[in-house]
Each structure stands twice: as C-alpha cells, then as structure tokens.
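Chemist: What follows is run_27.pdb, PDB, C-alpha atoms.
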MODEL        1
ATOM      1  CA  MET A 251      33.013 105.512 139.964
ATOM      2  CA  ASN A 252      33.221 106.916 143.487
ATOM      3  CA  GLN A 253      29.935 108.809 143.418
ATOM      4  CA  PHE A 254      29.879 108.712 147.216
ATOM      5  CA  ASP A 255      32.881 111.095 147.546
ATOM      6  CA  ILE A 256      34.588 108.601 149.844
ATOM      7  CA  THR A 257      38.279 109.331 150.322
ATOM      8  CA  LYS A 258      41.205 107.171 151.370
ATOM      9  CA  GLU A 259      41.473 109.289 154.520
ATOM     10  CA  MET A 260      37.888 108.407 155.486
ATOM     11  CA  ILE A 261      38.570 104.716 154.901
ATOM     12  CA  MET A 262      41.768 104.933 156.969
ATOM     13  CA  GLU A 263      39.815 106.508 159.821
ATOM     14  CA  ILE A 264      37.200 103.751 159.575
ATOM     15  CA  LEU A 265      39.782 100.943 159.452
ATOM     16  CA  ASN A 266      41.605 102.398 162.439
ATOM     17  CA  GLY A 267      38.316 102.554 164.354
ATOM     18  CA  VAL A 268      37.444  98.970 163.424
ATOM     19  CA  SER A 269      40.938  97.757 164.335
ATOM     20  CA  PHE A 270      40.834  99.544 167.711
ATOM     21  CA  ARG A 271      37.436  98.054 168.598
ATOM     22  CA  MET A 272      38.317  94.533 167.424
ATOM     23  CA  GLN A 273      41.583  94.525 169.366
ATOM     24  CA  LYS A 274      39.667  95.657 172.449
ATOM     25  CA  PHE A 275      37.031  92.954 171.788
ATOM     26  CA  LYS A 276      39.789  90.336 171.444
ATOM     27  CA  LYS A 277      41.621  91.400 174.601
ATOM     28  CA  GLU A 278      38.610  91.896 176.847
ATOM     29  CA  LEU A 279      36.264  89.153 175.647
ATOM     30  CA  MET A 280      38.150  86.525 173.698
ATOM     31  CA  ASP A 281      41.420  86.540 175.667
ATOM     32  CA  GLY A 282      39.820  87.628 178.942
ATOM     33  CA  TYR A 283      37.314  84.793 179.001
ATOM     34  CA  ASP A 284      39.144  82.269 176.794
ATOM     35  CA  ILE A 285      36.401  82.391 174.150
ATOM     36  CA  HIS A 286      37.164  81.351 170.579
ATOM     37  CA  PHE A 287      35.302  82.407 167.450
ATOM     38  CA  SER A 288      35.636  81.102 163.908
ATOM     39  CA  ASN A 289      36.911  83.506 161.263
ATOM     40  CA  LYS A 290      33.384  83.482 159.813
ATOM     41  CA  ASN A 291      31.993  84.701 163.145
ATOM     42  CA  LEU A 292      34.780  87.265 163.467
ATOM     43  CA  SER A 293      34.114  88.533 159.932
ATOM     44  CA  GLU A 294      30.472  89.076 160.879
ATOM     45  CA  ILE A 295      31.554  91.014 163.972
ATOM     46  CA  VAL A 296      34.066  93.059 161.953
ATOM     47  CA  GLY A 297      31.249  93.774 159.472
ATOM     48  CA  LYS A 298      28.828  95.005 162.150
ATOM     49  CA  ILE A 299      31.485  97.213 163.715
ATOM     50  CA  MET A 300      32.417  98.492 160.260
ATOM     51  CA  GLU A 301      28.775  99.419 159.567
ATOM     52  CA  LYS A 302      28.594 101.481 162.768
ATOM     53  CA  VAL A 303      31.995 103.168 162.393
ATOM     54  CA  SER A 304      31.416 103.842 158.666
ATOM     55  CA  ALA A 305      28.002 105.423 159.262
ATOM     56  CA  ASP A 306      29.452 107.677 161.972
ATOM     57  CA  ILE A 307      32.541 108.745 160.020
ATOM     58  CA  PHE A 308      30.786 109.167 156.664
ATOM     59  CA  THR A 309      28.050 111.239 158.344
ATOM     60  CA  LYS A 310      30.649 113.452 160.011
ATOM     61  CA  ARG A 311      32.950 113.819 156.979
ATOM     62  CA  LEU A 312      30.325 114.096 154.219
ATOM     63  CA  GLY A 313      28.059 116.488 156.136
ATOM     64  CA  TYR A 314      24.820 114.518 155.802
ATOM     65  CA  GLU A 315      23.358 111.414 157.425
ATOM     66  CA  VAL A 316      24.587 108.011 156.379
ATOM     67  CA  LYS A 317      22.301 105.446 157.993
ATOM     68  CA  ARG A 318      23.369 101.965 159.011
ATOM     69  CA  ALA A 319      21.230  98.843 158.913
ATOM     70  CA  LEU A 320      19.103  98.137 161.945
ATOM     71  CA  ALA A 321      17.808  94.843 160.509
ATOM     72  CA  ASP A 322      19.437  92.202 158.316
ATOM     73  CA  ARG A 323      16.980  92.883 155.467
ATOM     74  CA  ASP A 324      18.158  96.534 155.231
ATOM     75  CA  PRO A 325      21.170  97.691 153.197
ATOM     76  CA  ASP A 326      24.264  97.985 155.391
ATOM     77  CA  LEU A 327      24.537 101.722 154.675
ATOM     78  CA  VAL A 328      22.260 104.271 153.030
ATOM     79  CA  PHE A 329      23.723 107.580 151.858
ATOM     80  CA  THR A 330      20.609 109.693 152.478
ATOM     81  CA  LYS A 331      21.564 112.704 150.348
ATOM     82  CA  LEU A 332      22.090 110.420 147.350
ATOM     83  CA  ASN A 333      19.372 107.940 148.338
ATOM     84  CA  LYS A 334      21.955 105.226 147.522
ATOM     85  CA  PRO A 335      22.544 101.990 149.405
ATOM     86  CA  MET A 336      25.890 100.319 149.963
ATOM     87  CA  GLU A 337      26.695  96.841 151.175
ATOM     88  CA  ILE A 338      29.783  95.925 153.186
ATOM     89  CA  LYS A 339      31.201  92.440 152.635
ATOM     90  CA  VAL A 340      33.947  91.227 154.939
ATOM     91  CA  THR A 341      36.227  88.206 154.601
ATOM     92  CA  SER A 342      39.254  86.809 156.383
ATOM     93  CA  THR A 343      40.402  84.996 153.243
ATOM     94  CA  ASP A 344      42.753  86.257 150.559
ATOM     95  CA  ASN A 345      40.721  85.081 147.584
ATOM     96  CA  ALA A 346      36.929  85.538 147.931
ATOM     97  CA  TRP A 347      33.919  87.039 149.688
ATOM     98  CA  THR A 348      30.647  85.321 150.610
ATOM     99  CA  GLY A 349      27.242  86.897 150.055
ATOM    100  CA  GLY A 350      23.567  86.094 150.553
ATOM    101  CA  GLU A 351      22.092  83.584 148.096
ATOM    102  CA  PHE A 352      18.670  85.197 147.948
ATOM    103  CA  SER A 353      19.740  88.827 147.920
ATOM    104  CA  GLN A 354      18.336  90.292 144.711
ATOM    105  CA  ARG A 355      19.694  93.807 145.016
ATOM    106  CA  PRO A 356      22.581  94.975 142.866
ATOM    107  CA  PHE A 357      24.635  97.368 144.936
ATOM    108  CA  ASP A 358      27.790  99.238 145.361
ATOM    109  CA  TYR A 359      29.958  97.194 147.690
ATOM    110  CA  LEU A 360      32.703  98.079 150.108
ATOM    111  CA  LEU A 361      34.732  94.859 150.004
ATOM    112  CA  VAL A 362      36.961  94.273 153.018
ATOM    113  CA  SER A 363      39.484  91.594 153.932
ATOM    114  CA  TRP A 364      41.008  91.566 157.425
ATOM    115  CA  GLY A 365      43.962  89.725 158.910
ATOM    116  CA  GLY A 366      46.781  89.844 161.418
ATOM    117  CA  ASN A 367      45.719  91.129 164.811
ATOM    118  CA  PHE A 368      42.817  92.986 163.181
ATOM    119  CA  ASP A 369      45.416  95.444 161.886
ATOM    120  CA  GLU A 370      45.806  94.325 158.269
ATOM    121  CA  PHE A 371      43.177  95.257 155.709
ATOM    122  CA  PHE A 372      42.198  95.401 152.078
ATOM    123  CA  CYS A 373      39.342  97.759 151.191
ATOM    124  CA  CYS A 374      37.820  98.365 147.762
ATOM    125  CA  LEU A 375      34.634  99.974 146.429
ATOM    126  CA  THR A 376      32.892  98.561 143.358
ATOM    127  CA  HIS A 377      29.442  97.925 141.884
ATOM    128  CA  LEU A 378      28.371  94.277 141.662
ATOM    129  CA  ASP A 379      25.443  92.569 140.013
ATOM    130  CA  LYS A 380      23.901  89.292 141.171
ATOM    131  CA  SER A 381      25.391  87.551 138.111
ATOM    132  CA  GLU A 382      28.915  88.213 139.390
ATOM    133  CA  TRP A 383      28.308  86.051 142.462
ATOM    134  CA  LYS A 384      28.803  82.280 141.983
ATOM    135  CA  SER A 385      26.013  80.244 143.553
ATOM    136  CA  ASN A 386      27.086  77.394 145.820
ATOM    137  CA  ILE A 387      23.575  76.104 146.518
ATOM    138  CA  SER A 388      24.235  72.902 144.513
ATOM    139  CA  LYS A 389      27.089  72.185 146.960
ATOM    140  CA  LYS A 390      24.569  72.596 149.809
ATOM    141  CA  PHE A 391      26.261  75.799 150.900
ATOM    142  CA  TYR A 392      23.994  78.809 151.373
ATOM    143  CA  GLY A 393      26.354  81.662 150.521
ATOM    144  CA  PRO A 394      27.394  82.520 146.974
ATOM    145  CA  SER A 395      31.010  83.493 146.490
ATOM    146  CA  LEU A 396      32.707  86.366 144.763
ATOM    147  CA  ASN A 397      36.168  85.435 143.570
ATOM    148  CA  ALA A 398      38.908  88.066 143.937
ATOM    149  CA  LYS A 399      39.694  87.651 140.214
ATOM    150  CA  ILE A 400      36.285  89.113 139.299
ATOM    151  CA  VAL A 401      36.996  92.217 141.382
ATOM    152  CA  TYR A 402      40.575  92.419 140.096
ATOM    153  CA  ASN A 403      39.283  92.459 136.492
ATOM    154  CA  LYS A 404      36.654  95.148 137.106
ATOM    155  CA  LYS A 405      37.467  98.537 135.619
ATOM    156  CA  ASP A 406      35.056 100.444 137.871
ATOM    157  CA  LYS A 407      36.685  99.789 141.237
ATOM    158  CA  THR A 408      38.414 102.073 143.700
ATOM    159  CA  ILE A 409      41.032 100.417 145.878
ATOM    160  CA  PHE A 410      41.449 102.431 149.073
ATOM    161  CA  PHE A 411      43.777 100.142 150.963
ATOM    162  CA  GLY A 412      45.776  97.068 150.023
ATOM    163  CA  SER A 413      46.121  95.643 146.524
ATOM    164  CA  PHE A 414      45.847  92.510 144.435
ATOM    165  CA  GLU A 415      48.675  90.110 143.755
ATOM    166  CA  VAL A 416      49.008  87.798 140.766
ATOM    167  CA  THR A 417      50.669  84.538 141.843
ATOM    168  CA  LYS A 418      53.125  82.575 139.708
ATOM    169  CA  ARG A 419      50.259  80.270 138.762
ATOM    170  CA  GLY A 420      48.113  83.209 137.672
ATOM    171  CA  ALA A 421      45.757  83.167 140.651
ATOM    172  CA  ILE A 422      44.600  86.497 142.041
ATOM    173  CA  LYS A 423      45.093  87.067 145.758
ATOM    174  CA  ILE A 424      43.912  89.880 147.990
ATOM    175  CA  LYS A 425      46.913  91.599 149.516
ATOM    176  CA  ARG A 426      46.283  93.367 152.819
ATOM    177  CA  GLU A 427      48.249  96.277 154.225
ATOM    178  CA  LYS A 428      49.070  96.859 157.848
ATOM    179  CA  ILE A 429      47.441 100.001 159.187
ATOM    180  CA  SER A 430      49.154 102.415 161.527
ATOM    181  CA  GLN A 431      47.402 102.540 164.877
ATOM    182  CA  THR A 432      46.415 106.170 165.198
ATOM    183  CA  TYR A 433      42.889 105.805 166.549
ATOM    184  CA  LEU A 434      42.310 107.094 170.042
ATOM    185  CA  GLU A 435      39.021 106.668 171.825
TER
ENDMDL
END
Will you turn the file into structure tokens for me?
Modeler:
Amino acid sequence: MNQFDITKEMIMEILNGVSFRMQKFKKELMDGYDIHFSNKNLSEIVGKIMEKVSADIFTKRLGYEVKRALADRDPDLVFTKLNKPMEIKVTSTDNAWTGGEFSQRPFDYLLVSWGGNFDEFFCCLTHLDKSEWKSNISKKFYGPSLNAKIVYNKKDKTIFFGSFEVTKRGAIKIKREKISQTYLE
C-alpha cells in the first residue's frame, strides 16, 4: 500500500515540525494578541503547515522533489518521481474528516487528527474514492464527510501514529497519541 516509501520516522519528524510551529503560532499570535480561531480554522492552518513541512521532509528523506500546492485547485503534495498526488485532510474531531464536495479526484490521503496543545495526533495513509465520502449538500453543508469507520474498515491503510478505538456502543473513534517534543528549529 505505501508506494510512497513513507516511514513512521518521517511522519514523526513532520508531526513534530507541525506541533512546534502550531505551538509557536498559538503563543505568539493567538495568546499574544488574544485572537481566537475555530477548530475548523485551526485545522486549515495545521493542514497548510503540514503541506509545507511534509514537502520539505519528504524531499529531504526520499531524495527527490515533493511539491506542495501553491493554489487550492492543486493536489496538496505531488511526489514528482512517481508522478503521484496526495491529499492531506486534517480534523480536530475524533470521528470524521471533511472534504471538498466538488473534488472529483480519487487520491491517496494522509488523514490527520490533531488535539491537545497541538501535540496529540493520529496519522494514517490510505486511498479513497469519491464514493467513500458522504455528501452533506442536502443538509446545506458544502463539505462531504468521511466517517472514521470507513477508514477503520479499509484493508489498504497504513497507520503511522495513533489508532482506532471501538466504543462500547460499537462506534469507531480516532485515538490520538501524544508526540514527544524533539523538534528544534
């Protein structure tokens, strides 16, 4: 499944870099100026930082260029040697991700859930088709959702960090792990 040759060590380096930058962002901007963002806004910021950090670390570790999106219409990452795109989807919830209703591209996805003080993460790689996303347009909500149960049931996934938990009622929850802060800038 992991045709990209991504390792847990690479993901750990990326998550540490994202955590470091988000904690700095929180301290200097949010706390420093008493500015509040919704978790949706923060997930978008985490996603943009993750694109940049991932492109840099994958390029360095894999030995060829991994490009990041410069416009919203572009895939989040492109592994140039493989000519393969990858999307990064970020959530702050423990049960689902939100995507773009009119995105027609099936992709490999790096699915991320963040929590805590930007120091708890779940990260998984899998291939998703448009049919696996549940449209919410009839509820007048733009973004389709991807339930954690769909990812949990997929055979072709690689979980790099965190896990899934089955609740007593049979629901599937994303379980994040706390990362060790080893990133130095």
Chemist: Which residues are close to Trp347 in chain A, i.e. within 9 Å by all atoms listed in the file, leaving aside same-chain residues fewer than 5 positions away? Reply as a PyMOL selection string.
Modeler: chain A and resi 339-342+361-363+394-398
Chemist: Name the residues that the PyMOL selection byres ((chain A and resi 332) around 10) picks from the file above, as a VMD selection string, using the file's chain letters and numbers.
Modeler: chain A and resid 253 to 254 314 316 328 to 331 333 to 335
Chemist: Which one of A:Lys425, A:Lys290, A:Lys399, A:Lys405 sits closest to Phe372 in chain A if you count all atoms listed in the file?
Modeler: A:Lys425
Chemist: Suppose you want the space between CA of Met280 in chain A and CA of Leu292 in chain A; what is it in Å?
Modeler: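 The value is 10.8 Å.
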Chemist: Which is closer to Gly366 in chain A than all the others in A:Glu427, A:Glu337, A:Asp379, A:Glu315, using all atoms listed in the file?
Modeler: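 The shortest atom-to-atom distance to Gly366 in chain A comes from A:Glu427.
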Chemist: Name the residues that the PyMOL selection byres ((chain A and resi 402) around 12) pulls out of this structure, and write them as an MDAnalysis selection string.
Modeler: chainID A and resid 345:346 361 374:376 396:401 403:409 413:416 421:425
Chemist: Using all atoms listed in the file for the distances, tell me which of A:Glu259, A:Asp284, A:Ile264, A:Phe275 is nearest to Ala305 in chain A.
Modeler: A:Ile264
Chemist: How big is the axis-aligned box, and where does its centre sit, when it encloses all atoms of range 274-284 of chain A listed in the file and has 8 Å added on every side, reported in Å to one decimal as AutoDock Vina command-line options?
Modeler:
--center_x 38.9 --center_y 89.0 --center_z 175.2 --size_x 21.4 --size_y 29.4 --size_z 23.6
Chemist: CA of Val296 in chain A and CA of Leu312 in chain A, how far apart in Å?
Modeler: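 Straight-line distance from CA of Leu312 in chain A to CA of Val296 in chain A works out to 22.7 Å.
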Chemist: For CA of Thr343 in chain A and CA of Asp255 in chain A, quote the distance in Å rounded to one decimal.
Modeler: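 Computing it gives 27.8 Å between the two atoms.
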Chemist: Which residue out of A:Lys277, A:Lys258, A:Arg426, A:Arg311 has the minimum interatomic distance to Phe371 in chain A when all atoms listed in the file are used?
Modeler: A:Arg426
Chemist: Of the candidates A:Ser304, A:Lys428, A:Asp344, A:His286, which shows the shortest atom-to-atom distance to Gly267 in chain A, using all atoms listed in the file?
Modeler: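 Ranked by minimum distance to Gly267 in chain A, first place goes to A:Ser304.
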Chemist: Starting from the incomplete input, reconstruct all heavy atoms of range 395-406 of chain A and report them as a short mmCIF file (atom, residue, chain, number, x, y, z; two decimals), keeping the file's coordinate frame.
Modeler:
data_model
loop_
_atom_site.label_atom_id
_atom_site.label_comp_id
_atom_site.auth_asym_id
_atom_site.auth_seq_id
_atom_site.Cartn_x
_atom_site.Cartn_y
_atom_site.Cartn_z
N SER A 395 29.68 82.92 146.31
CA SER A 395 31.01 83.49 146.49
C SER A 395 31.34 84.47 145.36
O SER A 395 30.82 84.37 144.26
CB SER A 395 32.06 82.39 146.56
OG SER A 395 32.00 81.58 145.40
N LEU A 396 32.19 85.39 145.71
CA LEU A 396 32.71 86.37 144.76
C LEU A 396 34.22 86.21 144.77
O LEU A 396 34.89 86.52 145.76
CB LEU A 396 32.33 87.79 145.19
CG LEU A 396 32.93 88.91 144.35
CD1 LEU A 396 32.31 88.92 142.94
CD2 LEU A 396 32.73 90.25 145.02
N ASN A 397 34.74 85.68 143.68
CA ASN A 397 36.17 85.44 143.57
C ASN A 397 36.92 86.75 143.40
O ASN A 397 36.46 87.65 142.69
CB ASN A 397 36.42 84.51 142.37
CG ASN A 397 37.84 84.04 142.30
OD1 ASN A 397 38.74 84.81 142.01
ND2 ASN A 397 38.03 82.76 142.56
N ALA A 398 38.08 86.86 144.03
CA ALA A 398 38.91 88.07 143.94
C ALA A 398 39.25 88.41 142.49
O ALA A 398 39.39 89.59 142.15
CB ALA A 398 40.18 87.90 144.76
N LYS A 399 39.35 87.40 141.62
CA LYS A 399 39.69 87.65 140.21
C LYS A 399 38.63 88.51 139.53
O LYS A 399 38.96 89.35 138.70
CB LYS A 399 39.88 86.33 139.48
CG LYS A 399 40.37 86.49 138.07
CD LYS A 399 40.69 85.16 137.43
CE LYS A 399 41.31 85.38 136.07
NZ LYS A 399 41.78 84.11 135.49
N ILE A 400 37.36 88.31 139.89
CA ILE A 400 36.28 89.11 139.30
C ILE A 400 36.47 90.58 139.67
O ILE A 400 36.36 91.47 138.83
CB ILE A 400 34.90 88.59 139.75
CG1 ILE A 400 34.64 87.24 139.08
CG2 ILE A 400 33.80 89.59 139.42
CD1 ILE A 400 33.41 86.52 139.57
N VAL A 401 36.79 90.83 140.92
CA VAL A 401 37.00 92.22 141.38
C VAL A 401 38.26 92.79 140.74
O VAL A 401 38.28 93.93 140.27
CB VAL A 401 37.06 92.29 142.92
CG1 VAL A 401 37.27 93.72 143.39
CG2 VAL A 401 35.79 91.69 143.54
N TYR A 402 39.31 92.00 140.70
CA TYR A 402 40.58 92.42 140.10
C TYR A 402 40.36 92.88 138.65
O TYR A 402 40.93 93.88 138.22
CB TYR A 402 41.57 91.26 140.15
CG TYR A 402 42.86 91.49 139.40
CD1 TYR A 402 43.87 92.26 139.95
CD2 TYR A 402 43.06 90.91 138.14
CE1 TYR A 402 45.07 92.46 139.26
CE2 TYR A 402 44.24 91.11 137.45
CZ TYR A 402 45.24 91.88 138.01
OH TYR A 402 46.42 92.09 137.33
N ASN A 403 39.51 92.16 137.91
CA ASN A 403 39.28 92.46 136.49
C ASN A 403 38.30 93.61 136.25
O ASN A 403 38.17 94.06 135.12
CB ASN A 403 38.80 91.21 135.76
CG ASN A 403 39.91 90.20 135.57
OD1 ASN A 403 41.07 90.56 135.40
ND2 ASN A 403 39.56 88.92 135.61
N LYS A 404 37.62 94.06 137.28
CA LYS A 404 36.65 95.15 137.11
C LYS A 404 37.38 96.47 136.86
O LYS A 404 38.35 96.78 137.53
CB LYS A 404 35.75 95.27 138.34
CG LYS A 404 34.77 94.11 138.46
CD LYS A 404 33.79 94.32 139.58
CE LYS A 404 32.71 95.26 139.22
NZ LYS A 404 31.73 94.79 138.25
N LYS A 405 36.87 97.22 135.92
CA LYS A 405 37.47 98.54 135.62
C LYS A 405 36.94 99.61 136.57
O LYS A 405 37.60 100.59 136.82
CB LYS A 405 37.16 98.93 134.17
CG LYS A 405 37.65 97.94 133.14
CD LYS A 405 39.15 97.89 133.07
CE LYS A 405 39.61 96.94 131.99
NZ LYS A 405 40.70 96.08 132.40
N ASP A 406 35.72 99.41 137.06
CA ASP A 406 35.06 100.44 137.87
C ASP A 406 35.21 100.20 139.38
O ASP A 406 34.26 100.18 140.12
CB ASP A 406 33.57 100.52 137.52
CG ASP A 406 32.81 99.27 137.92
OD1 ASP A 406 33.43 98.19 138.05
OD2 ASP A 406 31.59 99.38 138.12
#
